[in-house]
>>> print(open('upload.csv').read())   # CSV, C-alpha atoms and all ligand atoms
chain,number,residue,atom,x,y,z
A,1,MET,CA,1.2,78.2,-50.3
A,2,THR,CA,-0.1,81.6,-49.4
A,3,GLU,CA,-3.4,81.9,-47.4
A,4,GLY,CA,-5.4,83.4,-50.2
A,5,ASN,CA,-4.7,80.5,-52.6
A,6,PHE,CA,-5.9,77.8,-50.3
A,7,VAL,CA,-9.3,76.7,-51.5
A,8,ASP,CA,-10.9,73.7,-50.0
A,9,TYR,CA,-14.5,73.9,-51.1
A,10,ILE,CA,-15.9,74.6,-54.5
A,11,ASN,CA,-19.0,74.0,-56.6
A,12,LEU,CA,-18.8,72.8,-60.2
A,13,GLU,CA,-21.1,71.7,-63.0
A,14,VAL,CA,-20.2,68.8,-65.1
A,15,LYS,CA,-21.8,67.3,-68.2
A,16,SER,CA,-21.0,64.0,-69.9
A,17,GLY,CA,-21.1,63.8,-73.7
A,18,ASN,CA,-24.2,62.7,-75.8
A,19,GLY,CA,-24.0,59.4,-77.6
A,20,GLY,CA,-23.7,59.7,-81.4
A,21,GLU,CA,-26.7,58.7,-83.6
A,22,GLY,CA,-26.7,55.3,-85.3
A,23,SER,CA,-26.6,55.5,-89.1
A,24,SER,CA,-29.3,54.1,-91.4
A,25,HIS,CA,-27.3,53.7,-94.5
A,26,PHE,CA,-27.6,51.2,-97.3
A,27,ARG,CA,-24.8,49.7,-99.1
A,28,ARG,CA,-24.4,51.1,-102.6
A,29,GLU,CA,-22.1,49.2,-104.9
A,30,LYS,CA,-21.7,49.5,-108.7
A,31,PHE,CA,-23.1,46.1,-109.6
A,32,VAL,CA,-25.3,45.4,-106.6
A,33,ALA,CA,-28.8,46.6,-107.2
A,34,LYS,CA,-30.1,46.4,-103.7
A,35,GLY,CA,-27.3,46.7,-101.1
A,36,GLY,CA,-28.2,45.7,-97.5
A,37,PRO,CA,-28.3,48.0,-94.5
A,38,ASP,CA,-24.8,48.9,-93.3
A,39,GLY,CA,-25.3,51.9,-91.1
A,40,GLY,CA,-22.8,51.8,-88.2
A,41,ASP,CA,-23.3,52.6,-84.5
A,42,GLY,CA,-22.9,56.0,-83.0
A,43,GLY,CA,-19.9,56.6,-80.8
A,44,ASN,CA,-20.3,56.8,-77.0
A,45,GLY,CA,-20.4,60.2,-75.3
A,46,GLY,CA,-17.3,61.2,-73.4
A,47,ASN,CA,-17.2,60.4,-69.6
A,48,ILE,CA,-16.2,62.6,-66.7
A,49,PHE,CA,-13.5,61.2,-64.4
A,50,ILE,CA,-12.0,62.5,-61.2
A,51,CYS,CA,-8.3,61.7,-60.7
A,52,ALA,CA,-6.1,62.4,-57.6
A,53,ASP,CA,-2.9,64.2,-58.3
A,54,GLU,CA,-0.2,64.4,-55.5
A,55,ASN,CA,1.1,67.6,-57.0
A,56,LEU,CA,-2.1,69.5,-56.2
A,57,TRP,CA,-2.7,70.8,-52.7
A,58,THR,CA,-5.8,72.9,-53.0
A,59,LEU,CA,-8.9,73.3,-55.2
A,60,TYR,CA,-7.7,76.7,-56.3
A,61,ASN,CA,-7.7,75.8,-60.0
A,62,PHE,CA,-11.5,75.6,-59.9
A,63,LYS,CA,-12.0,79.2,-58.8
A,64,TYR,CA,-12.1,80.2,-62.4
A,65,LYS,CA,-13.1,77.1,-64.2
A,66,LYS,CA,-16.4,75.8,-63.0
A,67,TYR,CA,-17.9,74.0,-66.1
A,68,PHE,CA,-16.7,70.8,-67.6
A,69,ILE,CA,-18.3,69.3,-70.7
A,70,ALA,CA,-17.2,66.0,-72.2
A,71,GLY,CA,-17.3,65.5,-76.0
A,72,ASP,CA,-20.2,64.1,-77.9
A,73,GLY,CA,-19.9,60.8,-79.7
A,74,ASP,CA,-19.8,60.9,-83.5
A,75,LYS,CA,-22.5,59.6,-85.8
A,76,GLY,CA,-22.2,56.1,-87.1
A,77,GLY,CA,-21.0,55.8,-90.7
A,78,LYS,CA,-21.5,53.6,-93.7
A,79,SER,CA,-19.9,50.1,-94.0
A,80,ARG,CA,-20.9,49.4,-90.4
A,81,SER,CA,-18.2,51.9,-89.2
A,82,THR,CA,-18.8,53.0,-85.6
A,83,GLY,CA,-18.6,56.8,-84.9
A,84,ALA,CA,-15.7,58.0,-82.8
A,85,ASN,CA,-16.3,58.2,-79.0
A,86,GLY,CA,-16.6,61.6,-77.4
A,87,LYS,CA,-13.5,63.0,-75.6
A,88,ASP,CA,-13.4,62.1,-71.9
A,89,ILE,CA,-12.6,64.8,-69.4
A,90,ILE,CA,-10.3,64.0,-66.5
A,91,ILE,CA,-10.6,66.5,-63.6
A,92,ASN,CA,-7.4,66.4,-61.5
A,93,VAL,CA,-7.9,67.1,-57.8
A,94,PRO,CA,-5.7,66.9,-54.7
A,95,ILE,CA,-5.5,63.6,-52.8
A,96,GLY,CA,-8.3,63.6,-50.2
A,97,THR,CA,-11.0,65.2,-52.3
A,98,ILE,CA,-14.6,64.2,-51.8
A,99,VAL,CA,-17.2,64.8,-54.5
A,100,LYS,CA,-20.8,65.3,-53.4
A,101,GLU,CA,-24.0,66.0,-55.3
A,102,THR,CA,-24.7,69.6,-54.4
A,103,LYS,CA,-28.4,69.2,-54.2
A,104,THR,CA,-28.6,66.2,-51.9
A,105,GLY,CA,-25.2,66.4,-50.2
A,106,GLN,CA,-24.8,62.7,-51.1
A,107,ILE,CA,-21.2,61.5,-51.4
A,108,LEU,CA,-20.6,60.4,-55.0
A,109,LEU,CA,-16.9,59.4,-54.6
A,110,GLU,CA,-13.6,60.2,-53.0
A,111,VAL,CA,-10.0,59.8,-54.1
A,112,LEU,CA,-7.4,58.9,-51.5
A,113,LYS,CA,-4.3,57.8,-53.4
A,114,ASP,CA,-2.2,59.5,-56.1
A,115,GLN,CA,-3.5,58.7,-59.6
A,116,GLU,CA,-6.7,57.1,-58.2
A,117,LYS,CA,-9.2,57.7,-61.0
A,118,LYS,CA,-12.9,57.3,-60.6
A,119,LEU,CA,-15.9,57.7,-63.0
A,120,LEU,CA,-18.1,60.6,-62.0
A,121,LEU,CA,-20.5,60.7,-64.9
A,122,GLU,CA,-20.8,58.2,-67.8
A,123,GLY,CA,-21.4,59.5,-71.3
A,124,GLY,CA,-24.5,58.6,-73.3
A,125,LYS,CA,-24.3,55.3,-75.2
A,126,GLY,CA,-24.1,55.6,-79.0
A,127,GLY,CA,-27.2,54.6,-80.9
A,128,GLN,CA,-27.2,51.4,-82.9
A,129,GLY,CA,-27.0,51.6,-86.7
A,130,ASN,CA,-29.6,50.1,-89.0
A,131,TRP,CA,-27.6,47.0,-89.8
A,132,ASN,CA,-28.3,45.7,-86.2
A,133,PHE,CA,-32.0,45.7,-87.0
A,134,LYS,CA,-31.9,43.4,-90.0
A,135,SER,CA,-34.0,40.4,-89.5
A,136,PRO,CA,-35.6,37.6,-91.7
A,137,THR,CA,-38.8,39.6,-91.9
A,138,ASN,CA,-37.1,42.9,-92.4
A,139,GLN,CA,-34.2,42.8,-94.7
A,140,ALA,CA,-34.0,46.6,-95.2
A,141,PRO,CA,-34.6,48.4,-91.9
A,142,ARG,CA,-34.6,52.2,-92.3
A,143,TYR,CA,-34.6,52.4,-88.6
A,144,SER,CA,-31.5,53.3,-86.5
A,145,GLN,CA,-31.3,54.5,-82.8
A,146,LYS,CA,-30.6,57.9,-81.6
A,147,GLY,CA,-27.7,58.3,-79.2
A,148,GLN,CA,-28.5,58.5,-75.4
A,149,LYS,CA,-28.2,62.0,-74.0
A,150,GLY,CA,-25.3,62.7,-71.6
A,151,ASN,CA,-26.0,63.6,-68.0
A,152,LYS,CA,-25.5,66.9,-66.1
A,153,VAL,CA,-24.9,67.3,-62.4
A,154,LYS,CA,-23.9,70.0,-60.0
A,155,VAL,CA,-21.3,68.8,-57.7
A,156,THR,CA,-19.4,70.1,-54.6
A,157,LEU,CA,-15.8,69.3,-54.2
A,158,GLU,CA,-14.5,69.2,-50.6
A,159,LEU,CA,-10.9,68.8,-49.7
A,160,LYS,CA,-10.1,67.0,-46.4
A,161,ILE,CA,-6.5,67.3,-45.7
A,162,LEU,CA,-4.6,64.1,-45.3
A,163,ALA,CA,-2.0,64.7,-42.7
A,164,ASP,CA,-0.6,62.3,-40.2
A,165,VAL,CA,-1.0,64.7,-37.3
A,166,GLY,CA,-3.5,67.6,-36.8
A,167,ILE,CA,-2.7,70.3,-34.3
A,168,VAL,CA,-5.8,71.4,-32.4
A,169,GLY,CA,-5.9,74.3,-30.0
A,170,PHE,CA,-7.3,77.7,-29.1
A,171,PRO,CA,-6.3,80.7,-31.0
A,172,ASN,CA,-2.9,82.1,-30.0
A,173,SER,CA,-1.8,78.8,-28.5
A,174,GLY,CA,1.2,78.7,-30.8
A,175,LYS,CA,0.1,76.1,-33.4
A,176,SER,CA,1.6,78.0,-36.4
A,177,THR,CA,4.8,78.8,-34.5
A,178,LEU,CA,5.1,75.0,-33.7
A,179,LEU,CA,4.6,74.2,-37.4
A,180,ALA,CA,7.2,76.7,-38.4
A,181,SER,CA,9.7,75.4,-35.9
A,182,ILE,CA,9.6,71.8,-36.9
A,183,THR,CA,8.9,72.1,-40.6
A,184,LYS,CA,10.1,74.3,-43.5
A,185,SER,CA,6.6,75.8,-43.7
A,186,LYS,CA,6.3,79.5,-43.1
A,187,PRO,CA,2.8,80.2,-41.8
A,188,LYS,CA,1.7,83.6,-40.6
A,189,ILE,CA,2.3,84.1,-36.9
A,190,ALA,CA,1.0,86.9,-34.7
A,191,ASP,CA,-0.1,87.6,-31.2
A,192,TYR,CA,-3.8,88.0,-32.0
A,193,PRO,CA,-6.4,85.3,-32.3
A,194,PHE,CA,-7.4,83.8,-35.7
A,195,THR,CA,-4.2,84.7,-37.4
A,196,THR,CA,-4.5,81.4,-39.3
A,197,LEU,CA,-7.6,81.4,-41.5
A,198,LYS,CA,-6.7,78.4,-43.7
A,199,PRO,CA,-4.9,75.2,-42.9
A,200,ASN,CA,-1.2,75.0,-43.3
A,201,LEU,CA,0.7,71.8,-43.9
A,202,GLY,CA,4.3,70.9,-43.3
A,203,ILE,CA,6.6,67.8,-43.5
A,204,VAL,CA,8.4,67.0,-40.3
A,205,PRO,CA,11.8,65.2,-40.9
A,206,TYR,CA,12.3,62.5,-38.4
A,207,ARG,CA,15.6,60.8,-37.6
A,208,GLU,CA,17.6,60.3,-40.7
A,209,PHE,CA,15.2,58.9,-43.3
A,210,SER,CA,11.7,59.3,-42.0
A,211,SER,CA,9.1,62.0,-42.0
A,212,PHE,CA,5.4,62.7,-41.2
A,213,VAL,CA,3.0,65.4,-42.3
A,214,ILE,CA,1.5,67.8,-39.8
A,215,ALA,CA,-1.4,70.2,-40.3
A,216,ASP,CA,-2.0,73.5,-38.5
A,217,ILE,CA,-5.6,74.5,-38.6
A,218,PRO,CA,-7.4,77.7,-37.5
A,219,GLY,CA,-8.0,78.0,-33.8
A,220,ILE,CA,-11.1,76.6,-32.2
A,221,ILE,CA,-13.0,78.4,-29.4
A,222,GLU,CA,-15.8,77.4,-27.0
A,223,GLY,CA,-19.0,77.8,-28.9
A,224,ALA,CA,-17.4,77.1,-32.3
A,225,SER,CA,-20.0,74.5,-32.9
A,226,LYS,CA,-22.6,77.2,-32.6
A,227,GLY,CA,-20.7,79.4,-35.1
A,228,LYS,CA,-18.5,81.4,-32.8
A,229,GLY,CA,-15.1,82.4,-34.0
A,230,LEU,CA,-14.4,80.8,-37.4
A,231,GLY,CA,-16.9,78.1,-36.6
A,232,HIS,CA,-15.9,74.5,-36.5
A,233,HIS,CA,-16.0,73.6,-40.2
A,234,PHE,CA,-12.2,73.5,-40.2
A,235,LEU,CA,-12.4,70.5,-38.0
A,236,ARG,CA,-13.1,68.5,-41.2
A,237,HIS,CA,-9.4,68.8,-41.9
A,238,ILE,CA,-8.5,66.7,-38.8
A,239,GLU,CA,-11.1,64.0,-39.6
A,240,ARG,CA,-8.5,62.1,-41.6
A,241,ASN,CA,-5.5,62.7,-39.4
A,242,SER,CA,-4.4,59.6,-37.6
A,243,VAL,CA,-3.1,61.5,-34.5
A,244,LEU,CA,-4.4,64.7,-32.9
A,245,LEU,CA,-2.0,67.0,-31.2
A,246,PHE,CA,-3.7,69.2,-28.6
A,247,LEU,CA,-1.7,72.3,-28.0
A,248,ILE,CA,-2.3,74.1,-24.7
A,249,PRO,CA,-0.1,77.0,-23.5
A,250,VAL,CA,1.4,76.5,-20.0
A,251,ASP,CA,0.0,79.9,-19.0
A,252,SER,CA,-3.6,78.7,-19.6
A,253,ALA,CA,-5.8,79.5,-16.6
A,254,ASN,CA,-6.8,75.8,-16.3
A,255,CYS,CA,-5.2,73.3,-18.6
A,256,LYS,CA,-7.6,70.5,-17.8
A,257,LYS,CA,-10.6,72.6,-18.5
A,258,THR,CA,-9.0,73.9,-21.8
A,259,PHE,CA,-8.5,70.3,-22.9
A,260,GLN,CA,-12.1,69.4,-22.0
A,261,THR,CA,-13.5,72.4,-23.9
A,262,LEU,CA,-11.5,71.5,-27.0
A,263,ARG,CA,-12.8,67.9,-26.8
A,264,LYS,CA,-16.3,69.1,-26.3
A,265,GLU,CA,-16.3,71.2,-29.4
A,266,MET,CA,-14.9,68.4,-31.4
A,267,ASN,CA,-17.5,66.0,-30.1
A,268,GLN,CA,-20.2,68.4,-31.2
A,269,TYR,CA,-18.8,68.4,-34.7
A,270,ASN,CA,-18.2,64.7,-35.0
A,271,PRO,CA,-18.0,62.3,-32.0
A,272,GLU,CA,-15.8,60.0,-34.0
A,273,LEU,CA,-13.0,62.5,-33.6
A,274,LEU,CA,-12.8,61.5,-29.9
A,275,ASP,CA,-11.8,58.0,-30.9
A,276,LYS,CA,-8.6,59.2,-32.5
A,277,ARG,CA,-5.3,58.7,-30.8
A,278,TYR,CA,-4.0,61.9,-29.3
A,279,LEU,CA,-1.3,63.6,-27.2
A,280,ILE,CA,-1.0,66.9,-25.5
A,281,ALA,CA,1.9,69.4,-26.0
A,282,PHE,CA,2.0,72.2,-23.4
A,283,SER,CA,3.4,75.1,-25.3
A,284,LYS,CA,5.3,78.3,-24.4
A,285,SER,CA,7.3,76.6,-21.6
A,286,ASP,CA,9.9,79.4,-21.9
A,287,LEU,CA,7.4,81.6,-20.0
A,288,LEU,CA,8.1,79.5,-16.9
A,289,ASP,CA,11.2,79.8,-14.8
A,290,LYS,CA,12.8,76.6,-13.3
A,291,GLU,CA,10.6,76.6,-10.2
A,292,LEU,CA,7.3,77.2,-12.0
A,293,PHE,CA,8.3,74.6,-14.6
A,294,ASP,CA,8.8,71.9,-11.9
A,295,GLU,CA,5.5,72.9,-10.3
A,296,PHE,CA,3.7,72.7,-13.6
A,297,LEU,CA,5.2,69.3,-14.3
A,298,ILE,CA,4.0,67.9,-11.0
A,299,GLU,CA,0.5,69.4,-11.5
A,300,THR,CA,0.3,68.1,-15.0
A,301,LYS,CA,1.4,64.6,-14.1
A,302,LYS,CA,-1.5,64.5,-11.6
A,303,ASN,CA,-4.1,65.9,-14.1
A,304,PHE,CA,-3.2,63.9,-17.1
A,305,LYS,CA,-2.4,60.5,-15.8
A,306,LYS,CA,-3.3,58.5,-18.9
A,307,THR,CA,-2.5,60.9,-21.7
A,308,PRO,CA,0.9,61.1,-23.3
A,309,PHE,CA,2.2,64.6,-23.0
A,310,CYS,CA,5.3,66.8,-23.3
A,311,ILE,CA,6.2,70.4,-22.5
A,312,ILE,CA,7.6,72.4,-25.3
A,313,SER,CA,8.7,75.8,-26.4
A,314,SER,CA,8.8,76.6,-30.1
A,315,ILE,CA,10.8,79.8,-29.3
A,316,ASN,CA,13.8,78.2,-27.6
A,317,ASN,CA,13.3,74.8,-29.3
A,318,SER,CA,12.9,72.8,-26.1
A,319,GLY,CA,11.0,69.6,-25.9
A,320,LEU,CA,10.6,69.4,-29.7
A,321,GLU,CA,12.6,66.2,-30.1
A,322,GLU,CA,10.6,64.5,-27.3
A,323,LEU,CA,7.4,65.7,-29.0
A,324,LYS,CA,8.5,64.1,-32.3
A,325,ASP,CA,9.4,60.9,-30.6
A,326,ILE,CA,6.0,60.6,-28.9
A,327,ILE,CA,4.2,61.3,-32.2
A,328,TRP,CA,6.4,58.8,-34.0
A,329,ASP,CA,5.6,56.1,-31.4
A,330,ILE,CA,1.9,56.7,-31.7
A,331,LEU,CA,2.0,56.8,-35.5
A,332,ASN,CA,3.8,53.5,-35.6
B,401,LIG,N1,6.8,82.8,-25.4
B,401,LIG,C1,6.4,82.1,-26.4
B,401,LIG,N2,5.5,82.6,-27.3
B,401,LIG,C2,5.1,81.8,-28.3
B,401,LIG,C3,5.5,80.5,-28.4
B,401,LIG,N3,4.8,79.9,-29.5
B,401,LIG,C4,4.1,80.9,-30.0
B,401,LIG,N4,4.2,82.1,-29.3
B,401,LIG,C5,3.5,83.3,-29.5
B,401,LIG,O1,2.1,83.2,-29.4
B,401,LIG,C6,1.5,84.0,-30.3
B,401,LIG,C7,0.5,83.2,-31.2
B,401,LIG,O2,1.3,82.3,-32.0
B,401,LIG,P1,0.7,81.6,-33.3
B,401,LIG,O3,1.6,80.5,-33.6
B,401,LIG,O4,0.3,82.6,-34.3
B,401,LIG,O5,-0.6,80.9,-32.6
B,401,LIG,P2,-1.8,80.1,-33.3
B,401,LIG,O6,-2.2,79.0,-32.3
B,401,LIG,O7,-1.3,79.6,-34.6
B,401,LIG,O8,-2.9,81.2,-33.4
B,401,LIG,P3,-4.2,81.2,-34.4
B,401,LIG,O9,-3.6,81.0,-35.8
B,401,LIG,O10,-4.7,82.6,-34.2
B,401,LIG,O11,-5.1,80.2,-34.0
B,401,LIG,C8,2.6,84.7,-31.2
B,401,LIG,O12,2.8,86.0,-30.6
B,401,LIG,C9,3.8,83.8,-30.9
B,401,LIG,O13,5.0,84.5,-31.0
B,401,LIG,C10,6.4,79.9,-27.5
B,401,LIG,O14,6.9,78.8,-27.5
B,401,LIG,N5,6.8,80.8,-26.5
B,402,MG,MG,-2.1,80.0,-36.4
>>> encode(input="upload.csv", output="structure tokens")
Amino acid sequence: MTEGNFVDYINLEVKSGNGGEGSSHFRREKFVAKGGPDGGDGGNGGNIFICADENLWTLYNFKYKKYFIAGDGDKGGKSRSTGANGKDIIINVPIGTIVKETKTGQILLEVLKDQEKKLLLEGGKGGQGNWNFKSPTNQAPRYSQKGQKGNKVKVTLELKILADVGIVGFPNSGKSTLLASITKSKPKIADYPFTTLKPNLGIVPYREFSSFVIADIPGIIEGASKGKGLGHHFLRHIERNSVLLFLIPVDSANCKKTFQTLRKEMNQYNPELLDKRYLIAFSKSDLLDKELFDEFLIETKKNFKKTPFCIISSINNSGLEELKDIIWDILN
């Protein structure tokens, strides 16, 4: 998945089908002088459904297709025959997509499992044909109902990534390098901030038969909640991760403060993020020689008494097995 193709927010317009008109037909048979009413009902208008598809990873497909219109129901026919229903439209989206009404921001639905299908907009009901209106006092009603009109709505689709683990850290802390070293994903890596502009996902194989999904999101900086850097709207991608992995380079001026700043920005976005289970990985340990490493370890044990942590280097692959073990323990 290249960066340019990752789309996680899109506006669409959808319209359900109109119901077909009921018929006001009278039976005509060769030897029956006055046939009764036999106009059938109109077909129902087509519905709009949203369906989760595990093969989709982004909302990219909707960049060029923004209107979805379901089919109209057919008119009722003679001999009480009901018109055909309008064709439904099924809009396939990645797992973890939320659909909101654009105008109000109200959440209309969300799909969280593969093939989970939900009705977004119901088609108009078909009108009743004239045979429904026959009564003792009116044996020959000429009246039939019109079909109900379909509905139109502008919706916003938002994708919240469903990964088990979300990596949170300042720019340049080595998030993408970590993802690249424990998964087959090949994110862009560079020694300047905000290299990552869109989230990257990877599958981490664990022991022989297990795995978990990890997400690398763009870096967060102090003031992100006030729009600094890339802002904090990417934090929505960690709202559904069950574990947060804070990544802090060992050469940070003050690891404790860095951690607190990250938590503060998350709190301003959504305080519930602070309730998630988390661990810290101190990255770039290859920058420390043996002596500095030992010092760092003592210092860190003092500063982070209650937090599970490990010290890693994605460059020389140290501490990565321990990191996976801790994550696995928390996940399970
Ligand atoms: N020495 C050392 N350098 C590392 C390590 N991991 C990452 N780096 C370097 O740190 C720089 C930033 O790495 P990225 O993986 O792009 O960092 P990021 O956190 O994804 O950065 P943004 O996407 O900008 O938020 C690159 O120059 C990497 O080569 C490590 O374990 N050791
Ligand atoms: Mg990155």
>>> closest_residue(input="upload.csv", among="A:Phe259, A:Phe282, A:Tyr206, A:Phe304", to="Ile327 in chain A", atoms="only C-alpha atoms")
A:Tyr206
>>> atom_distance(input="upload.csv", atom1="CA of Ala140 in chain A", atom2="CA of Gly42 in chain A")
19.0 Å
>>> residues_near_ligand(input="upload.csv", ligand="ligand LIG 401 (chain B)", cutoff="10 Å", atoms="all atoms listed in the file", output="compact mmCIF listing (two decimals) with C-alpha atoms, keeping the file's coordinate frame")
# COMPACT_ATOMS: atom_id res chain seq x y z
CA ILE A 167 -2.70 70.30 -34.30
CA VAL A 168 -5.80 71.40 -32.40
CA GLY A 169 -5.90 74.30 -30.00
CA PHE A 170 -7.30 77.70 -29.10
CA PRO A 171 -6.30 80.70 -31.00
CA ASN A 172 -2.90 82.10 -30.00
CA SER A 173 -1.80 78.80 -28.50
CA GLY A 174 1.20 78.70 -30.80
CA LYS A 175 0.10 76.10 -33.40
CA SER A 176 1.60 78.00 -36.40
CA THR A 177 4.80 78.80 -34.50
CA LEU A 178 5.10 75.00 -33.70
CA LEU A 179 4.60 74.20 -37.40
CA ALA A 180 7.20 76.70 -38.40
CA SER A 181 9.70 75.40 -35.90
CA PRO A 187 2.80 80.20 -41.80
CA LYS A 188 1.70 83.60 -40.60
CA ILE A 189 2.30 84.10 -36.90
CA ALA A 190 1.00 86.90 -34.70
CA ASP A 191 -0.10 87.60 -31.20
CA TYR A 192 -3.80 88.00 -32.00
CA PRO A 193 -6.40 85.30 -32.30
CA PHE A 194 -7.40 83.80 -35.70
CA THR A 195 -4.20 84.70 -37.40
CA THR A 196 -4.50 81.40 -39.30
CA LEU A 197 -7.60 81.40 -41.50
CA LYS A 198 -6.70 78.40 -43.70
CA PRO A 199 -4.90 75.20 -42.90
CA ASN A 200 -1.20 75.00 -43.30
CA ASP A 216 -2.00 73.50 -38.50
CA ILE A 217 -5.60 74.50 -38.60
CA PRO A 218 -7.40 77.70 -37.50
CA GLY A 219 -8.00 78.00 -33.80
CA ILE A 220 -11.10 76.60 -32.20
CA ILE A 221 -13.00 78.40 -29.40
CA LEU A 230 -14.40 80.80 -37.40
CA LEU A 247 -1.70 72.30 -28.00
CA ILE A 248 -2.30 74.10 -24.70
CA PRO A 249 -0.10 77.00 -23.50
CA VAL A 250 1.40 76.50 -20.00
CA ASP A 251 0.00 79.90 -19.00
CA PHE A 282 2.00 72.20 -23.40
CA SER A 283 3.40 75.10 -25.30
CA LYS A 284 5.30 78.30 -24.40
CA SER A 285 7.30 76.60 -21.60
CA ASP A 286 9.90 79.40 -21.90
CA LEU A 287 7.40 81.60 -20.00
CA LEU A 288 8.10 79.50 -16.90
CA ILE A 311 6.20 70.40 -22.50
CA ILE A 312 7.60 72.40 -25.30
CA SER A 313 8.70 75.80 -26.40
CA SER A 314 8.80 76.60 -30.10
CA ILE A 315 10.80 79.80 -29.30
CA ASN A 316 13.80 78.20 -27.60
CA ASN A 317 13.30 74.80 -29.30
CA SER A 318 12.90 72.80 -26.10
>>> closest_residue(input="upload.csv", among="A:Gly129, A:Gly45, A:Gly73, A:Gly40", to="Ser144 in chain A", atoms="all atoms listed in the file")
A:Gly129
>>> closest_residue(input="upload.csv", among="A:Tyr269, A:Ile182, A:Asp294, A:Arg207", to="Gly223 in chain A", atoms="all atoms listed in the file")
A:Tyr269
>>> atom_distance(input="upload.csv", atom1="CA of Ala253 in chain A", atom2="CA of Lys306 in chain A")
21.3 Å
>>> residues_around(input="upload.csv", residues="Lys226 in chain A", least_positions_apart="6", cutoff="10 Å", atoms="only C-alpha atoms", output="count of residues only")
4
>>> build_atoms(input="upload.csv", residues="range 74-89 of chain A", atoms="N, CA and C atoms", output="CSV table (one decimal), in the coordinates of the input")
chain,number,residue,atom,x,y,z
A,74,ASP,N,-19.5,60.7,-82.1
A,74,ASP,CA,-19.8,60.9,-83.5
A,74,ASP,C,-20.9,60.0,-84.1
A,75,LYS,N,-21.5,60.4,-85.1
A,75,LYS,CA,-22.5,59.6,-85.8
A,75,LYS,C,-21.9,58.3,-86.4
A,76,GLY,N,-22.7,57.3,-86.4
A,76,GLY,CA,-22.2,56.1,-87.1
A,76,GLY,C,-22.0,56.4,-88.6
A,77,GLY,N,-21.2,55.6,-89.3
A,77,GLY,CA,-21.0,55.8,-90.7
A,77,GLY,C,-21.4,54.6,-91.5
A,78,LYS,N,-21.1,54.7,-92.8
A,78,LYS,CA,-21.5,53.6,-93.7
A,78,LYS,C,-20.5,52.4,-93.4
A,79,SER,N,-20.8,51.3,-94.1
A,79,SER,CA,-19.9,50.1,-94.0
A,79,SER,C,-19.8,49.7,-92.6
A,80,ARG,N,-20.8,49.9,-91.8
A,80,ARG,CA,-20.9,49.4,-90.4
A,80,ARG,C,-19.8,50.1,-89.5
A,81,SER,N,-19.3,51.3,-90.0
A,81,SER,CA,-18.2,51.9,-89.2
A,81,SER,C,-18.9,52.6,-88.0
A,82,THR,N,-18.3,52.4,-86.8
A,82,THR,CA,-18.8,53.0,-85.6
A,82,THR,C,-18.2,54.5,-85.5
A,83,GLY,N,-19.0,55.4,-85.0
A,83,GLY,CA,-18.6,56.8,-84.9
A,83,GLY,C,-17.5,56.8,-83.7
A,84,ALA,N,-16.7,57.8,-83.8
A,84,ALA,CA,-15.7,58.0,-82.8
A,84,ALA,C,-16.3,58.3,-81.4
A,85,ASN,N,-15.8,57.8,-80.3
A,85,ASN,CA,-16.3,58.2,-79.0
A,85,ASN,C,-16.0,59.6,-78.7
A,86,GLY,N,-16.8,60.2,-77.9
A,86,GLY,CA,-16.6,61.6,-77.4
A,86,GLY,C,-15.4,61.7,-76.5
A,87,LYS,N,-14.7,62.8,-76.4
A,87,LYS,CA,-13.5,63.0,-75.6
A,87,LYS,C,-13.9,63.0,-74.1
A,88,ASP,N,-13.2,62.1,-73.4
A,88,ASP,CA,-13.4,62.1,-71.9
A,88,ASP,C,-12.8,63.3,-71.3
A,89,ILE,N,-13.3,63.7,-70.1
A,89,ILE,CA,-12.6,64.8,-69.4
A,89,ILE,C,-12.1,64.2,-68.1
